[in-house]
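**Student:** Provided herewith is a single structure, encoded as structure tokens, for subsequent inquiry.
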Amino acid sequence: MSDAGPDMNDDMSDTGAVDGVQPPAVEIRGASKIFNPGRHNEVKALEDIDLHIDQGDFVTLIGPSGCGKSTLLRLIAALVDASDGTVLVNGKTADAARLDRDYSMVFQRAGLFDWRNVSRNIELPLELMGWKAADRRRRSAEMLELVKLTEFARHHPAELSGGMQQRIAIARAMSFHPQLLLMDEPFGALDEMTREHMQNELLRIWSETQITVVFVTHSIPEAVFLSTKVAVMSPRPGRIAAVIDNGLGPRTDATRDDPAFFSNVTAVRDALRGGH
């Protein structure tokens with residue numbers, strides 16, 4: 001995919017590399033997060049989080065409701081600040097990575113603008129970043145090809161299914177070549193068949209782009225199907241209870257019936273029970 005935007009690099013060379021060695025995509029050391037510290041409504045959301053995510057990994061965060069999965073994702077995104085500890089993205093502080101546009105984020109709701117057609121929804125971040133109109137159109141076309149929705153460029157969001165809207169949200173999030181994609185339960189509102197289709201599509205996009213993904217879910221099968229590693233969190237205050245390597249190899253629909261898949265589902269379930 002060609003890059004037409006200002007000061008952008010397809011080779012992703014500006015990642016804080018030292019002597020040609022790439023830093024981890026995410027490195028969290030001793031991070032904690034307390035909301036309303038010292039007040040009657042103080043909440044300790046995260047405690048002593050250590051997490052290492054390599055470039056190109058697909059890591060899923062899973063844990064019981066309220067354990068701080070989304071809060072941890074927001075620490076990485078610099079949407080909230082850690083109360084303690086260190087959060088690095090591509091070897092930089094999370095704030096610096098945000099300013100350098102090293103990451104993008106996809107939420108449970110697609111968040112598309114109804115008054116803009118599909119192509120112009122994808123172009124929005126590029127427009128805000130000052131890309132020229134012709135370059136925005138070319139990049140939007142590339143993204144539509146990536147998510148296999150080229151024929152819907154001139155449609156509006158209300159004319160699309162929920163799964164198609166989420167594919168457009170992913171296309172928009174990846175339009176400016178982020179090195180890290182943060183995803184907060186993006187398929188949670190979809191029906192089961194659409195959800196499985198979107199899982200397959202996301203893995204295809206991840207394989208084609210080699211982007212690093214951090215993904216939040218409540219679904220154990222989804223975590224195992226998607227991830228290279230599953231980070232299991234304990235109940236609040238959230239800690240990393242276990243990181244399970246998920247070496248299933250290339251995923252297809254047949255993977256869901258593979259004994260190794262069921263074995264890893266059991267391992268994640270046991271880790272979740274142990275975290276209690």
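In the structure tokens, chains take letters A, B, ... by order of appearance, with residues numbered from 1 within each chain and ligands from 1 in the order shown.
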Hey, which bits of segment 104-208 of chain A sit within 12 Å of segment 22-26 of chain A, and for each residue what's the closest pair of atoms and how far apart in Å (one decimal), counting only C-alpha atoms, rows by chain and increasing number, as JSON lines?

**Tutor:**
{"residue": "A:Pro178", "atom": "CA", "partner": "A:Ala25", "partner_atom": "CA", "distance": 11.5}
{"residue": "A:Gln179", "atom": "CA", "partner": "A:Ala25", "partner_atom": "CA", "distance": 8.2}
{"residue": "A:Leu180", "atom": "CA", "partner": "A:Ala25", "partner_atom": "CA", "distance": 7.3}
{"residue": "A:Leu181", "atom": "CA", "partner": "A:Ala25", "partner_atom": "CA", "distance": 10.5}
{"residue": "A:Leu182", "atom": "CA", "partner": "A:Val26", "partner_atom": "CA", "distance": 11.2}

**Student:** Using the selection just defined, write its residues with all heavy atoms as a PDB file, in the first residue's frame.

**Tutor:**
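Everything below was put into result03.pdb:
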ATOM      1  N   PRO A 178      -0.845   3.458  11.536  1.00  0.00           N
ATOM      2  CA  PRO A 178      -0.403   3.275  12.925  1.00  0.00           C
ATOM      3  C   PRO A 178       0.350   1.955  13.051  1.00  0.00           C
ATOM      4  O   PRO A 178       0.099   1.011  12.305  1.00  0.00           O
ATOM      5  CB  PRO A 178      -1.723   3.242  13.702  1.00  0.00           C
ATOM      6  CG  PRO A 178      -2.702   2.681  12.719  1.00  0.00           C
ATOM      7  CD  PRO A 178      -2.292   3.250  11.386  1.00  0.00           C
ATOM      8  N   GLN A 179       1.269   1.906  13.992  1.00  0.00           N
ATOM      9  CA  GLN A 179       2.022   0.677  14.216  1.00  0.00           C
ATOM     10  C   GLN A 179       1.336  -0.234  15.222  1.00  0.00           C
ATOM     11  O   GLN A 179       1.695  -1.407  15.353  1.00  0.00           O
ATOM     12  CB  GLN A 179       3.422   1.038  14.720  1.00  0.00           C
ATOM     13  CG  GLN A 179       4.196   1.875  13.702  1.00  0.00           C
ATOM     14  CD  GLN A 179       5.204   2.768  14.373  1.00  0.00           C
ATOM     15  OE1 GLN A 179       5.767   2.391  15.390  1.00  0.00           O
ATOM     16  NE2 GLN A 179       5.433   3.945  13.828  1.00  0.00           N
ATOM     17  N   LEU A 180       0.360   0.321  15.948  1.00  0.00           N
ATOM     18  CA  LEU A 180      -0.318  -0.401  17.021  1.00  0.00           C
ATOM     19  C   LEU A 180      -1.806  -0.135  16.911  1.00  0.00           C
ATOM     20  O   LEU A 180      -2.239   1.019  16.793  1.00  0.00           O
ATOM     21  CB  LEU A 180       0.217   0.082  18.375  1.00  0.00           C
ATOM     22  CG  LEU A 180      -0.449  -0.445  19.651  1.00  0.00           C
ATOM     23  CD1 LEU A 180      -0.245  -1.949  19.782  1.00  0.00           C
ATOM     24  CD2 LEU A 180       0.107   0.282  20.873  1.00  0.00           C
ATOM     25  N   LEU A 181      -2.611  -1.209  16.946  1.00  0.00           N
ATOM     26  CA  LEU A 181      -4.060  -1.095  16.886  1.00  0.00           C
ATOM     27  C   LEU A 181      -4.636  -1.570  18.218  1.00  0.00           C
ATOM     28  O   LEU A 181      -4.435  -2.719  18.614  1.00  0.00           O
ATOM     29  CB  LEU A 181      -4.615  -1.932  15.734  1.00  0.00           C
ATOM     30  CG  LEU A 181      -6.113  -1.838  15.443  1.00  0.00           C
ATOM     31  CD1 LEU A 181      -6.517  -0.408  15.079  1.00  0.00           C
ATOM     32  CD2 LEU A 181      -6.500  -2.804  14.325  1.00  0.00           C
ATOM     33  N   LEU A 182      -5.333  -0.684  18.922  1.00  0.00           N
ATOM     34  CA  LEU A 182      -5.951  -0.998  20.199  1.00  0.00           C
ATOM     35  C   LEU A 182      -7.444  -1.202  19.968  1.00  0.00           C
ATOM     36  O   LEU A 182      -8.109  -0.337  19.382  1.00  0.00           O
ATOM     37  CB  LEU A 182      -5.722   0.147  21.191  1.00  0.00           C
ATOM     38  CG  LEU A 182      -4.263   0.566  21.397  1.00  0.00           C
ATOM     39  CD1 LEU A 182      -4.180   1.785  22.318  1.00  0.00           C
ATOM     40  CD2 LEU A 182      -3.421  -0.584  21.944  1.00  0.00           C
TER      41      LEU A 182
END

**Student:** Quick one: residues within 6 Å of segment 227-235 of chain A, only C-alpha atoms, excluding same-chain residues fewer than 5 positions away - as number ranges by chain?

**Tutor:** A: 58-63, 67, 240-246, 275

**Student:** Dump all heavy atoms for the selected residues as a JSON list (two decimals), in the first residue's frame?

**Tutor:**
[["chain", "number", "residue", "atom", "x", "y", "z"],
["A", 58, "PHE", "N", -0.24, -10.28, 18.50],
["A", 58, "PHE", "CA", -1.67, -10.07, 18.69],
["A", 58, "PHE", "C", -1.97, -10.55, 20.10],
["A", 58, "PHE", "O", -2.03, -11.75, 20.37],
["A", 58, "PHE", "CB", -2.48, -10.85, 17.66],
["A", 58, "PHE", "CG", -3.92, -10.46, 17.56],
["A", 58, "PHE", "CD1", -4.47, -10.12, 16.33],
["A", 58, "PHE", "CD2", -4.74, -10.40, 18.68],
["A", 58, "PHE", "CE1", -5.81, -9.74, 16.20],
["A", 58, "PHE", "CE2", -6.07, -10.02, 18.59],
["A", 58, "PHE", "CZ", -6.60, -9.69, 17.34],
["A", 59, "VAL", "N", -2.13, -9.61, 21.02],
["A", 59, "VAL", "CA", -2.31, -9.93, 22.44],
["A", 59, "VAL", "C", -3.72, -9.55, 22.87],
["A", 59, "VAL", "O", -4.17, -8.43, 22.62],
["A", 59, "VAL", "CB", -1.27, -9.19, 23.31],
["A", 59, "VAL", "CG1", -1.56, -9.41, 24.79],
["A", 59, "VAL", "CG2", 0.13, -9.68, 22.97],
["A", 60, "THR", "N", -4.41, -10.49, 23.49],
["A", 60, "THR", "CA", -5.76, -10.25, 23.99],
["A", 60, "THR", "C", -5.73, -10.14, 25.50],
["A", 60, "THR", "O", -5.09, -10.94, 26.18],
["A", 60, "THR", "CB", -6.70, -11.37, 23.55],
["A", 60, "THR", "OG1", -6.84, -11.34, 22.14],
["A", 60, "THR", "CG2", -8.07, -11.21, 24.17],
["A", 61, "LEU", "N", -6.44, -9.13, 26.02],
["A", 61, "LEU", "CA", -6.65, -8.96, 27.45],
["A", 61, "LEU", "C", -8.01, -9.53, 27.80],
["A", 61, "LEU", "O", -9.02, -9.16, 27.20],
["A", 61, "LEU", "CB", -6.60, -7.48, 27.84],
["A", 61, "LEU", "CG", -5.38, -6.67, 27.38],
["A", 61, "LEU", "CD1", -5.55, -5.20, 27.78],
["A", 61, "LEU", "CD2", -4.10, -7.24, 27.97],
["A", 62, "ILE", "N", -8.04, -10.44, 28.76],
["A", 62, "ILE", "CA", -9.31, -11.04, 29.17],
["A", 62, "ILE", "C", -9.33, -11.13, 30.68],
["A", 62, "ILE", "O", -8.29, -11.31, 31.33],
["A", 62, "ILE", "CB", -9.50, -12.43, 28.51],
["A", 62, "ILE", "CG1", -10.91, -12.93, 28.71],
["A", 62, "ILE", "CG2", -8.46, -13.44, 29.02],
["A", 62, "ILE", "CD1", -11.27, -14.15, 27.86],
["A", 63, "GLY", "N", -10.51, -11.01, 31.25],
["A", 63, "GLY", "CA", -10.67, -11.09, 32.69],
["A", 63, "GLY", "C", -12.11, -10.81, 33.05],
["A", 63, "GLY", "O", -12.92, -10.44, 32.20],
["A", 67, "CYS", "N", -12.42, -5.76, 35.92],
["A", 67, "CYS", "CA", -11.03, -6.04, 36.32],
["A", 67, "CYS", "C", -10.04, -5.01, 35.79],
["A", 67, "CYS", "O", -8.86, -5.05, 36.13],
["A", 67, "CYS", "CB", -10.62, -7.44, 35.87],
["A", 67, "CYS", "SG", -10.30, -7.60, 34.09],
["A", 240, "ILE", "N", -1.94, -8.82, 36.07],
["A", 240, "ILE", "CA", -1.75, -9.85, 35.05],
["A", 240, "ILE", "C", -1.53, -11.18, 35.78],
["A", 240, "ILE", "O", -0.48, -11.41, 36.37],
["A", 240, "ILE", "CB", -0.57, -9.53, 34.13],
["A", 240, "ILE", "CG1", -0.77, -8.19, 33.44],
["A", 240, "ILE", "CG2", -0.39, -10.64, 33.10],
["A", 240, "ILE", "CD1", -1.97, -8.12, 32.51],
["A", 241, "ALA", "N", -2.54, -12.02, 35.76],
["A", 241, "ALA", "CA", -2.46, -13.29, 36.48],
["A", 241, "ALA", "C", -1.64, -14.32, 35.71],
["A", 241, "ALA", "O", -0.98, -15.17, 36.30],
["A", 241, "ALA", "CB", -3.87, -13.84, 36.73],
["A", 242, "ALA", "N", -1.70, -14.26, 34.38],
["A", 242, "ALA", "CA", -0.95, -15.22, 33.54],
["A", 242, "ALA", "C", -0.91, -14.67, 32.12],
["A", 242, "ALA", "O", -1.80, -13.94, 31.69],
["A", 242, "ALA", "CB", -1.62, -16.59, 33.55],
["A", 243, "VAL", "N", 0.16, -15.01, 31.41],
["A", 243, "VAL", "CA", 0.25, -14.75, 29.97],
["A", 243, "VAL", "C", 0.45, -16.09, 29.30],
["A", 243, "VAL", "O", 1.45, -16.78, 29.53],
["A", 243, "VAL", "CB", 1.40, -13.79, 29.62],
["A", 243, "VAL", "CG1", 1.49, -13.62, 28.10],
["A", 243, "VAL", "CG2", 1.20, -12.43, 30.29],
["A", 244, "ILE", "N", -0.53, -16.48, 28.49],
["A", 244, "ILE", "CA", -0.53, -17.82, 27.89],
["A", 244, "ILE", "C", -0.15, -17.72, 26.42],
["A", 244, "ILE", "O", -0.81, -17.02, 25.64],
["A", 244, "ILE", "CB", -1.94, -18.44, 28.04],
["A", 244, "ILE", "CG1", -2.25, -18.63, 29.54],
["A", 244, "ILE", "CG2", -2.03, -19.76, 27.28],
["A", 244, "ILE", "CD1", -3.67, -19.05, 29.81],
["A", 245, "ASP", "N", 0.95, -18.38, 26.06],
["A", 245, "ASP", "CA", 1.34, -18.46, 24.65],
["A", 245, "ASP", "C", 0.32, -19.32, 23.91],
["A", 245, "ASP", "O", -0.05, -20.40, 24.37],
["A", 245, "ASP", "CB", 2.74, -19.06, 24.51],
["A", 245, "ASP", "CG", 3.84, -18.08, 24.91],
["A", 245, "ASP", "OD1", 3.67, -16.87, 24.66],
["A", 245, "ASP", "OD2", 4.85, -18.52, 25.49],
["A", 246, "ASN", "N", -0.06, -18.86, 22.75],
["A", 246, "ASN", "CA", -1.19, -19.48, 22.06],
["A", 246, "ASN", "C", -0.75, -19.92, 20.66],
["A", 246, "ASN", "O", -1.22, -19.40, 19.66],
["A", 246, "ASN", "CB", -2.35, -18.47, 21.99],
["A", 246, "ASN", "CG", -3.64, -19.09, 21.50],
["A", 246, "ASN", "OD1", -3.92, -20.25, 21.76],
["A", 246, "ASN", "ND2", -4.43, -18.29, 20.79],
["A", 275, "GLY", "N", -7.19, -16.83, 38.98],
["A", 275, "GLY", "CA", -7.09, -15.41, 39.32],
["A", 275, "GLY", "C", -8.10, -14.99, 40.37],
["A", 275, "GLY", "O", -7.99, -13.92, 40.97]]

**Student:** Quick one: residues within 8 Å of segment 260-266 of chain A, only C-alpha atoms, excluding same-chain residues fewer than 6 positions away - as a list in words?

**Tutor:**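 Result of the neighbour search: Ile220, Pro221, Val224, Phe225, Asn246 and Leu248 of chain A.
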
**Student:** Would you mind exporting the chosen residues as a compact mmCIF listing (two decimals), in the first residue's frame, restricted to N, CA and C atoms?

**Tutor:**
# COMPACT_ATOMS: atom_id res chain seq x y z
N ILE A 220 -13.70 -16.17 25.95
CA ILE A 220 -12.51 -17.03 25.96
C ILE A 220 -12.24 -17.61 24.56
N PRO A 221 -13.25 -18.19 23.86
CA PRO A 221 -12.97 -18.70 22.52
C PRO A 221 -12.45 -17.63 21.57
N VAL A 224 -8.75 -16.96 22.34
CA VAL A 224 -7.87 -18.05 21.88
C VAL A 224 -7.79 -18.08 20.36
N PHE A 225 -8.90 -17.86 19.70
CA PHE A 225 -8.89 -17.91 18.23
C PHE A 225 -8.01 -16.81 17.64
N ASN A 246 -0.06 -18.86 22.75
CA ASN A 246 -1.19 -19.48 22.06
C ASN A 246 -0.75 -19.92 20.66
N LEU A 248 -1.16 -21.68 17.98
CA LEU A 248 -2.04 -22.50 17.16
C LEU A 248 -1.67 -22.47 15.69

**Student:** To one decimal place, how far is atom CA of Ala153 of chain A from atom CA of Ser119 of chain A in Å?

**Tutor:**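 Atom-to-atom, atom CA of Ala153 of chain A to atom CA of Ser119 of chain A, that is 4.9 Å.
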
**Student:** Find the residues near Ala158 of chain A: any atom within 10 Å, counting only C-alpha atoms, skip ones fewer than 2 places away on the same chain, and give them as a ChimeraX atom specification.

**Tutor:** /A:112-115,117,155-156,160-162,165

**Student:** Report as a VMD selection string: the residues of segment 27-238 of chain A with a DSSP assignment of strand (DSSP E), based on the backbone of this structure.

**Tutor:** chain A and resid 27 to 35 43 to 53 58 to 62 84 to 89 92 to 93 103 to 106 180 to 184 212 to 216 229 to 233

**Student:** Can you list, as a PyMOL selection string, every residue of segment 114-217 of chain A that DSSP puts in helix (DSSP H, G or I)?

**Tutor:** chain A and resi 118-128+133-146+150-152+157-159+162-173+192-209
